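Undergrad: Below is input_10.pdb; it holds PDB, C-alpha atoms.
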```
ATOM      1  CA  GLY A   1       0.000   0.000   0.000
ATOM      2  CA  LEU A   2       1.049   3.513  -0.856
ATOM      3  CA  LEU A   3      -0.351   6.950  -0.152
ATOM      4  CA  LYS A   4      -0.196   9.203  -3.202
ATOM      5  CA  THR A   5      -0.674  12.953  -3.069
ATOM      6  CA  HIS A   6      -3.495  14.111  -5.332
ATOM      7  CA  GLY A   7      -5.459  17.295  -5.930
ATOM      8  CA  GLY A   8      -4.836  20.821  -4.719
ATOM      9  CA  MET A   9      -3.445  22.216  -1.484
ATOM     10  CA  GLY A  10      -4.415  20.027   1.432
ATOM     11  CA  LEU A  11      -3.398  18.005   4.437
ATOM     12  CA  LEU A  12      -3.835  14.400   5.511
ATOM     13  CA  TRP A  13      -3.404  14.503   9.253
ATOM     14  CA  TYR A  14      -3.455  11.911  12.006
ATOM     15  CA  THR A  15      -6.213  12.617  14.539
ATOM     16  CA  PRO A  16      -6.016   9.977  17.307
ATOM     17  CA  ARG A  17      -3.133  11.558  19.209
ATOM     18  CA  LYS A  18      -0.497  14.251  19.437
ATOM     19  CA  PHE A  19       3.170  13.272  19.196
ATOM     20  CA  GLU A  20       6.068  14.339  21.408
ATOM     21  CA  ASN A  21       9.376  12.775  22.382
ATOM     22  CA  ALA A  22       9.263  10.357  19.470
ATOM     23  CA  VAL A  23      11.046   9.475  16.253
ATOM     24  CA  LEU A  24       8.866   9.661  13.145
ATOM     25  CA  ARG A  25      10.006   7.615  10.161
ATOM     26  CA  ILE A  26       8.704   8.544   6.708
ATOM     27  CA  VAL A  27       9.652   6.623   3.573
ATOM     28  CA  TYR A  28       8.731   8.595   0.455
ATOM     29  CA  ARG A  29       9.493   8.955  -3.228
ATOM     30  CA  GLY A  30       9.046  11.868  -5.597
ATOM     31  CA  ALA A  31      10.647  13.529  -8.566
ATOM     32  CA  ALA A  32      13.057  16.425  -8.050
ATOM     33  CA  GLN A  33      10.481  18.957  -9.256
ATOM     34  CA  ASN A  34       7.770  17.952  -6.740
ATOM     35  CA  ASN A  35       6.791  19.649  -3.504
ATOM     36  CA  SER A  36       5.304  18.194  -0.313
ATOM     37  CA  GLY A  37       6.068  18.067   3.374
ATOM     38  CA  VAL A  38       5.505  16.439   6.729
ATOM     39  CA  PHE A  39       3.781  18.649   9.277
ATOM     40  CA  ILE A  40       4.721  18.275  12.923
ATOM     41  CA  ARG A  41       3.831  20.015  16.173
ATOM     42  CA  ILE A  42       0.394  21.135  14.912
ATOM     43  CA  PRO A  43      -1.162  22.455  18.148
ATOM     44  CA  GLU A  44      -4.832  21.763  17.389
ATOM     45  CA  ALA A  45      -7.103  20.277  14.757
ATOM     46  CA  PRO A  46      -6.438  22.128  11.475
ATOM     47  CA  THR A  47      -9.360  24.225  10.301
ATOM     48  CA  GLU A  48      -7.861  25.111   6.913
ATOM     49  CA  PRO A  49      -4.726  24.177   4.882
ATOM     50  CA  TRP A  50      -2.595  27.161   5.995
ATOM     51  CA  MET A  51      -3.089  26.694   9.737
ATOM     52  CA  PRO A  52      -0.412  23.932  10.051
ATOM     53  CA  VAL A  53       2.038  26.089   8.049
ATOM     54  CA  HIS A  54       1.713  29.006  10.465
ATOM     55  CA  ARG A  55       1.215  27.202  13.791
ATOM     56  CA  GLY A  56       3.239  23.972  13.382
ATOM     57  CA  PHE A  57       6.395  23.130  11.446
ATOM     58  CA  GLU A  58       6.588  21.808   7.900
ATOM     59  CA  VAL A  59       9.505  19.476   7.299
ATOM     60  CA  GLN A  60      10.030  20.182   3.611
ATOM     61  CA  ILE A  61      10.127  17.658   0.783
ATOM     62  CA  ASP A  62      11.350  19.671  -2.218
ATOM     63  CA  ASP A  63      14.795  20.160  -3.742
ATOM     64  CA  ARG A  64      14.184  22.962  -6.226
ATOM     65  CA  GLU A  65      14.975  26.004  -4.128
ATOM     66  CA  ASP A  66      17.573  27.446  -1.755
ATOM     67  CA  ASP A  67      18.922  25.922   1.464
ATOM     68  CA  PHE A  68      15.976  27.266   3.546
ATOM     69  CA  HIS A  69      13.478  25.407   1.351
ATOM     70  CA  LYS A  70      15.186  22.036   0.751
ATOM     71  CA  THR A  71      14.150  18.560   1.806
ATOM     72  CA  GLY A  72      14.588  18.071   5.530
ATOM     73  CA  VAL A  73      14.539  21.708   6.684
ATOM     74  CA  LEU A  74      11.860  23.315   8.801
ATOM     75  CA  TYR A  75      10.373  25.258   5.880
ATOM     76  CA  SER A  76      11.954  28.740   5.622
ATOM     77  CA  LEU A  77      13.130  28.569   9.259
ATOM     78  CA  THR A  78      16.295  26.432   9.136
ATOM     79  CA  ARG A  79      19.137  26.126   6.630
ATOM     80  CA  ALA A  80      19.934  22.662   5.236
ATOM     81  CA  LYS A  81      23.163  21.217   6.615
ATOM     82  CA  ALA A  82      23.183  18.773   3.660
ATOM     83  CA  SER A  83      21.077  17.780   0.635
ATOM     84  CA  PRO A  84      21.026  13.962   0.738
ATOM     85  CA  SER A  85      17.647  13.250  -0.866
ATOM     86  CA  LYS A  86      17.554  11.092  -3.996
ATOM     87  CA  PRO A  87      14.940  12.233  -6.522
ATOM     88  CA  ASP A  88      13.063   9.397  -8.237
ATOM     89  CA  ASP A  89      14.169   6.937  -5.530
ATOM     90  CA  TRP A  90      12.893   5.910  -2.106
ATOM     91  CA  ASN A  91      14.136   8.164   0.707
ATOM     92  CA  VAL A  92      14.007   7.692   4.462
ATOM     93  CA  MET A  93      13.314  10.762   6.580
ATOM     94  CA  GLU A  94      13.545  10.522  10.357
ATOM     95  CA  ILE A  95      12.193  13.358  12.469
ATOM     96  CA  THR A  96      13.170  13.296  16.132
ATOM     97  CA  LEU A  97      10.893  15.263  18.444
ATOM     98  CA  ASP A  98      12.802  15.691  21.704
ATOM     99  CA  GLY A  99      11.167  18.299  23.909
ATOM    100  CA  GLU A 100      11.886  21.660  22.260
ATOM    101  CA  ARG A 101      14.417  20.096  19.877
ATOM    102  CA  THR A 102      13.687  18.873  16.345
ATOM    103  CA  ILE A 103      16.281  16.806  14.474
ATOM    104  CA  VAL A 104      15.786  15.714  10.859
ATOM    105  CA  THR A 105      17.870  13.204   8.948
ATOM    106  CA  VAL A 106      17.341  12.158   5.344
ATOM    107  CA  ASN A 107      18.945   8.889   4.265
ATOM    108  CA  ASP A 108      20.907   8.850   7.556
ATOM    109  CA  VAL A 109      22.430  12.309   6.927
ATOM    110  CA  LEU A 110      21.719  15.208   9.331
ATOM    111  CA  VAL A 111      19.829  18.040   7.616
ATOM    112  CA  THR A 112      18.299  19.953  10.568
ATOM    113  CA  ASP A 113      19.023  20.290  14.284
ATOM    114  CA  PHE A 114      16.769  23.011  15.713
ATOM    115  CA  ARG A 115      15.936  23.963  19.275
ATOM    116  CA  GLU A 116      13.054  26.285  20.126
ATOM    117  CA  GLY A 117      14.531  29.767  20.505
ATOM    118  CA  ASP A 118      17.268  29.293  17.883
ATOM    119  CA  GLU A 119      17.616  32.248  15.543
ATOM    120  CA  VAL A 120      15.546  32.068  12.345
ATOM    121  CA  PRO A 121      15.556  34.357   9.297
ATOM    122  CA  PRO A 122      12.845  37.006   9.000
ATOM    123  CA  LYS A 123       9.630  36.126   7.192
ATOM    124  CA  GLU A 124       9.854  37.443   3.627
ATOM    125  CA  GLN A 125       6.761  36.049   1.869
ATOM    126  CA  GLU A 126       3.156  35.815   3.109
ATOM    127  CA  TYR A 127       3.094  32.066   2.421
ATOM    128  CA  GLU A 128       6.086  31.445   4.707
ATOM    129  CA  PRO A 129       5.272  30.309   8.231
ATOM    130  CA  ASP A 130       4.675  32.795  10.993
ATOM    131  CA  ARG A 131       7.633  33.060  13.329
ATOM    132  CA  GLY A 132       7.268  32.170  16.975
ATOM    133  CA  PRO A 133       7.266  29.220  19.352
ATOM    134  CA  ARG A 134       5.687  25.858  18.588
ATOM    135  CA  PRO A 135       4.349  23.343  21.108
ATOM    136  CA  THR A 136       6.396  20.334  22.202
ATOM    137  CA  ALA A 137       3.427  18.040  21.440
ATOM    138  CA  GLY A 138       1.264  18.214  18.343
ATOM    139  CA  TYR A 139      -0.525  16.453  15.544
ATOM    140  CA  ILE A 140       1.310  15.303  12.425
ATOM    141  CA  GLY A 141       0.211  15.345   8.798
ATOM    142  CA  LEU A 142       1.262  15.009   5.181
ATOM    143  CA  GLN A 143       1.051  17.944   2.799
ATOM    144  CA  ASN A 144      -0.484  17.771  -0.640
ATOM    145  CA  HIS A 145       0.847  20.854  -2.400
ATOM    146  CA  SER A 146      -0.810  20.916  -5.848
ATOM    147  CA  ASP A 147      -2.117  18.798  -8.731
ATOM    148  CA  GLU A 148       1.358  18.774 -10.305
ATOM    149  CA  ASP A 149       3.218  17.677  -7.153
ATOM    150  CA  VAL A 150       3.080  13.897  -6.751
ATOM    151  CA  ILE A 151       4.789  12.205  -3.806
ATOM    152  CA  LEU A 152       4.384   8.562  -2.810
ATOM    153  CA  PHE A 153       4.530   7.564   0.862
ATOM    154  CA  LYS A 154       5.040   3.885   1.701
ATOM    155  CA  GLU A 155       5.810   4.115   5.418
ATOM    156  CA  ILE A 156       4.820   6.491   8.185
ATOM    157  CA  SER A 157       5.706   5.128  11.598
ATOM    158  CA  TYR A 158       6.867   6.274  14.997
ATOM    159  CA  LYS A 159       8.567   5.026  18.114
ATOM    160  CA  PRO A 160       8.687   6.734  21.487
ATOM    161  CA  LEU A 161      12.022   8.314  22.305
ATOM    162  CA  PRO A 162      13.450   6.473  25.342
ATOM    163  CA  ARG A 163      14.135   8.708  28.341
ATOM    164  CA  ALA A 164      17.831   7.707  28.430
ATOM    165  CA  GLU A 165      18.268   8.673  24.767
ATOM    166  CA  ARG A 166      16.599  12.042  25.396
ATOM    167  CA  ARG A 167      19.072  12.839  28.175
ATOM    168  CA  GLN A 168      22.067  11.891  26.001
ATOM    169  CA  GLN A 169      21.023  14.184  23.147
ATOM    170  CA  ARG A 170      20.805  17.295  25.331
TER
END
```
I'd like the structure from this file rewritten - as structure tokens, please.

TA:
Amino acid sequence: GLLKTHGGMGLLWYTPRKFENAVLRIVYRGAAQNNSGVFIRIPEAPTEPWMPVHRGFEVQIDDREDDFHKTGVLYSLTRAKASPSKPDDWNVMEITLDGERTIVTVNDVLVTDFREGDEVPPKEQEYEPDRGPRPTAGYIGLQNHSDEDVILFKEISYKPLPRAERRQQR
């Protein structure tokens, strides 16, 4: 089974629980010219497609733009430390939610290591996320960007972050 993005701007989000102190594993595939994302730390049930952009974080899936808009960054908030995604192949993204810290690896390469309060660039475009703190626990979701942007997801899983591991990462 695969999930395939389809249609215009939208969000498939998981409603049974909020996630915190966990590792999310997303296995996806898309062409280099496609755009999608994984939303994390969404504070409440989304009421419209832009709410998760402005109130949660979008972990970007897109390799067409600059280092603040590449796969694995917190969209327009963090700069990519690397660009390890493989267009037209299966990629593994792991998102570690550890209190106020968010770590993203793509294909076992570190792309983002962000802690709430770290400096972020100013907002330049209205479609970029609002700046400001995000909750430590929140809903997650997958972004569907447009009719032209097709991403396949074959795994979305999580595991709680053990307390000992959380202490070691601090």

Undergrad: Determine the residue set returned by the PyMOL selection byres ((chain A and resi 140) around 12) for the present structure, and present it as a VMD selection string.

TA: chain A and resid 11 to 20 22 to 26 37 to 46 52 to 53 55 to 59 95 97 137 to 139 141 to 143 156 to 158

Undergrad: Rounded to one decimal, what separation in Å do you get between atom CA of A:Pro162 and atom CA of A:Val92?

TA: 20.9 Å

Undergrad: List every protein, DNA or RNA residue with an atom no more than 8 Å from (12.0, 20.9, -2.2) in the file's coordinates, counting all atoms listed in the file, and format the result as a ChimeraX atom specification.

TA: /A:32-36,60-65,69-71

Undergrad: Can you list, as a ChimeraX atom specification, the residues that the PyMOL selection byres ((chain A and resi 133) around 8) selects here?

TA: /A:116-117,131-132,134-135

Undergrad: Looking at A:Gly10, A:Leu2, A:Thr47, A:Asp98, which one is nearest to A:Arg163, with distances taken over all atoms listed in the file?

TA: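 Among the listed residues, A:Asp98 lies closest to A:Arg163.
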
Undergrad: Please identify all polymer residues within 10 Å of stretch 80-82 of chain A, counting only C-alpha atoms, omitting same-chain residues fewer than 4 positions from it, and present them as a list in words.

TA: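 Answer for this query is Asp66, Asp67, Phe68, His69, Lys70, Thr71, Gly72, Val73, Leu74, Tyr75, Val104, Thr105, Val106, Val109, Leu110, Val111, Thr112 and Asp113 of chain A.
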
Undergrad: My structure is short of atoms at stretch 117-137 of chain A; please model N, CA and C atoms there, returning them as an mmCIF file, keeping the file's coordinate frame.

TA:
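Output below, filename out.cif:
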```
data_model
loop_
_atom_site.group_PDB
_atom_site.id
_atom_site.type_symbol
_atom_site.label_atom_id
_atom_site.label_comp_id
_atom_site.auth_asym_id
_atom_site.auth_seq_id
_atom_site.Cartn_x
_atom_site.Cartn_y
_atom_site.Cartn_z
ATOM 1 N N GLY A 117 13.768 28.603 20.076
ATOM 2 C CA GLY A 117 14.531 29.767 20.505
ATOM 3 C C GLY A 117 15.750 30.038 19.637
ATOM 4 N N ASP A 118 16.165 29.041 18.813
ATOM 5 C CA ASP A 118 17.268 29.293 17.883
ATOM 6 C C ASP A 118 16.875 30.420 16.927
ATOM 7 N N GLU A 119 17.864 31.147 16.471
ATOM 8 C CA GLU A 119 17.616 32.248 15.543
ATOM 9 C C GLU A 119 17.091 31.711 14.215
ATOM 10 N N VAL A 120 16.101 32.416 13.656
ATOM 11 C CA VAL A 120 15.546 32.068 12.345
ATOM 12 C C VAL A 120 15.550 33.326 11.484
ATOM 13 N N PRO A 121 15.577 33.176 10.163
ATOM 14 C CA PRO A 121 15.556 34.357 9.297
ATOM 15 C C PRO A 121 14.188 35.039 9.353
ATOM 16 N N PRO A 122 14.137 36.311 9.010
ATOM 17 C CA PRO A 122 12.845 37.006 9.000
ATOM 18 C C PRO A 122 11.918 36.432 7.925
ATOM 19 N N LYS A 123 10.644 36.550 8.157
ATOM 20 C CA LYS A 123 9.630 36.126 7.192
ATOM 21 C C LYS A 123 9.650 37.113 6.032
ATOM 22 N N GLU A 124 9.768 36.576 4.800
ATOM 23 C CA GLU A 124 9.854 37.443 3.627
ATOM 24 C C GLU A 124 8.605 37.380 2.750
ATOM 25 N N GLN A 125 7.934 36.233 2.722
ATOM 26 C CA GLN A 125 6.761 36.049 1.869
ATOM 27 C C GLN A 125 5.548 35.704 2.735
ATOM 28 N N GLU A 126 4.361 36.085 2.308
ATOM 29 C CA GLU A 126 3.156 35.815 3.109
ATOM 30 C C GLU A 126 2.890 34.325 3.272
ATOM 31 N N TYR A 127 3.339 33.506 2.325
ATOM 32 C CA TYR A 127 3.094 32.066 2.421
ATOM 33 C C TYR A 127 4.101 31.356 3.326
ATOM 34 N N GLU A 128 5.143 32.045 3.771
ATOM 35 C CA GLU A 128 6.086 31.445 4.707
ATOM 36 C C GLU A 128 5.446 31.390 6.089
ATOM 37 N N PRO A 129 5.898 30.449 6.911
ATOM 38 C CA PRO A 129 5.272 30.309 8.231
ATOM 39 C C PRO A 129 5.499 31.520 9.125
ATOM 40 N N ASP A 130 4.502 31.777 9.971
ATOM 41 C CA ASP A 130 4.675 32.795 10.993
ATOM 42 C C ASP A 130 5.826 32.379 11.892
ATOM 43 N N ARG A 131 6.542 33.339 12.402
ATOM 44 C CA ARG A 131 7.633 33.060 13.329
ATOM 45 C C ARG A 131 7.055 33.003 14.738
ATOM 46 N N GLY A 132 7.720 32.262 15.601
ATOM 47 C CA GLY A 132 7.268 32.170 16.975
ATOM 48 C C GLY A 132 7.307 30.741 17.467
ATOM 49 N N PRO A 133 7.129 30.558 18.760
ATOM 50 C CA PRO A 133 7.266 29.220 19.352
ATOM 51 C C PRO A 133 6.204 28.242 18.882
ATOM 52 N N ARG A 134 6.589 26.963 18.902
ATOM 53 C CA ARG A 134 5.687 25.858 18.588
ATOM 54 C C ARG A 134 5.583 24.977 19.827
ATOM 55 N N PRO A 135 4.500 24.219 19.941
ATOM 56 C CA PRO A 135 4.349 23.343 21.108
ATOM 57 C C PRO A 135 5.302 22.151 21.042
ATOM 58 N N THR A 136 5.556 21.530 22.189
ATOM 59 C CA THR A 136 6.396 20.334 22.202
ATOM 60 C C THR A 136 5.604 19.106 21.783
ATOM 61 N N ALA A 137 4.286 19.147 21.882
ATOM 62 C CA ALA A 137 3.427 18.040 21.440
ATOM 63 C C ALA A 137 2.459 18.570 20.394
#
```
